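Engineer: First the structure, then my questions, so here it is.
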Amino acid sequence: MRILFLLRSLGAALIIAGVAAATPVVAADRTDVPLRNWGGFAVHRDAVYDDLERLVAAGLADRAIINTKPLNRTEAARMVARAIEKIRGDEAARYNTRLDLEAVLNRLMEEFRAELAALKVKLPADLSPTPPGWFSFTPVDRALARAGYTSRDLSFPYNAGLRFQRGVNAGATFESRAQVGDFLTFYLQPELHGNEETGAARLAAGYAKLTLWNVELLVGRESLWWGPGLHGSLILSNNAPPLDQIRIGSAEAFRLPLIGDWIGPTKILGFLAELEARRDIPRPKMAGLRGTIAPFAFLELGASYVNIFNGDRSPRLDVEDYPRVLFDPQASDQKDPSNQRFRNNALFALDADLRIADVHRFFVPAKDLRIYAEFGWDDTCCSTSFLPLAEATSGMLGVHLMNLLDVEGLDWRFEFARTTQQSFTHNQFYRGYWTRGEVISHFVGTEGLDLWTRVSQRLSPELMIGVSGNRAEIGDTTINAGTPRERRLGGALDVSWRFADPWSLFVQLQLMYVTNRNFVRGDDGVDGVVLAELTRFFR
């Protein structure tokens, strides 16, 4: 997004915040839990999300919304507070047999001890909780050093566009955050990355956020993940570098009037972003909208919509044309290819997450179970309505078993995804649904296939091991490219170890056999990757 555009929006937010700051309040940290692996014990995101999934699947967080990510720290802490309250009020002793949840709660209480103290939750004395003041500033929250080796140039799926070039690669980053009252939040994550030939510095993520009356306005750069999957989403994921955006929505889930008790907690948000200049049509706009509800403690439902439109190429839209190009399918160039001014690439998805606690009652060899699915379609289909054609649809199905075989900390996941020949393509945005070289949603692209499984075991509070396997067919999102699909077959081993209290080490080994690398027929071979990340916690 253009710098001037960001500065103007940020300036407006700061002016509003200055007016709101007239009455001092207690700080409630609204920093988002990042969608990147800080400190190991997870893949593709912070380990906090994995622990929150365990609480929600066990029924401890009641009707909770966790599939519109990122979540902010106060929002996550409120789920932990509900779980603590539920366990302390367990007069029927229902949770006496769930000793496996004790370690999960301990980790979350340690992570959010300041936020829980602000919510007036009574915590164990050894956590020494101190409620935050009106202003809090953490110059370095966590710092990370990365080193790795790869036999080929490659990108890491779901790692915010991280790329390694053949040979040795290294990098370093840290995150800094500040909170003013419960209404103004700042976050910054600069990053250095280099290899044997080049090096570069960039702003990996950074934003300012204004929160008033449960309405959250964010200006900056951040990854979004919409949907219940871990190895892919059909709308938005952290596979590509994060978007420069203006985002507005509910800071936490809320109840709608009249129907709130029926549909449960609700979360609604939307954003407007501008993509890069070096692409098929320079600087197109990108708008998105998502709504999520939790009608039952065991069910979460979501609906997502994203549209790429306009751009710095004639004919251009006028501002008054925006509602029509976004919400009127009859105006789209998909109905009339000659209507170039109303070019737009719209995508839609519906998702559901079913959670069943104590699933061993049904002779399933695990404590808790999640079954989730996502169905998406591209607008390259429509003559008179939004009804999708089969060749423009995509789908994802996942299963997550927690405490498999009644072994504490043993989890198993399986995900299957399939996209079709018109998924993520467009006739004018001919390179398709991508930014800065990576697909914005699922990494398999057009006419792709993904079979992925992962087993992880928390051997102790300080040590976890994970093993995953993957078969993928990846298609080029460029329309009518005529290139062969890249095929991958392989697996990965990862180890997470926290030592000396503030230090954590994450090591991952990947090995895969690849055919048609980068869509080049006959470019086949075995690719290997070694990645090590050392994290220092300063909390």
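Starting from 1 in every chain, residues are counted up; chains themselves are A, B, ... following the order of the structure tokens, and ligands are numbered from 1 as listed.
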Identify all residues of stretch 29-198 of chain A in strand (DSSP E or B) (DSSP on the backbone) and supply them as number ranges by chain.
Structural biologist: A: 32, 68-69, 72, 135-150, 154-155, 163-164, 167-180, 184-195
Engineer: Near A:Leu60, within 12 Å and counting only C-alpha atoms, which residues show up once chain neighbours fewer than 3 positions away are dropped, as a ChimeraX atom specification?
Structural biologist: /A:51-57,63-64,78-90,94-95,98,101-102,104-105,297-298,355-358,368
Engineer: Which residue, A:Val529, A:Val520, A:Ala346, A:Leu389, has the smallest gap to A:Tyr305 when you use only C-alpha atoms?
Structural biologist: A:Ala346
Engineer: So which one's closest to A:Arg517, A:Arg488, A:Arg313, A:Arg536, A:His231? Using only C-alpha atoms, please.
Structural biologist: A:Arg488
Engineer: Can you tell me, as an NGL selection string, what residues are no more than 12 Å from A:Glu196 when counting only C-alpha atoms, ignoring any on the same chain fewer than 6 positions away?
Structural biologist: :A and (147-150 or 164-171)
Engineer: Find the distance between atom CA of A:Arg436 and atom CA of A:Ala172 and write it in Å to one decimal.
Structural biologist: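 Atom CA of A:Ala172 lies at a distance of 20.9 Å from atom CA of A:Arg436.
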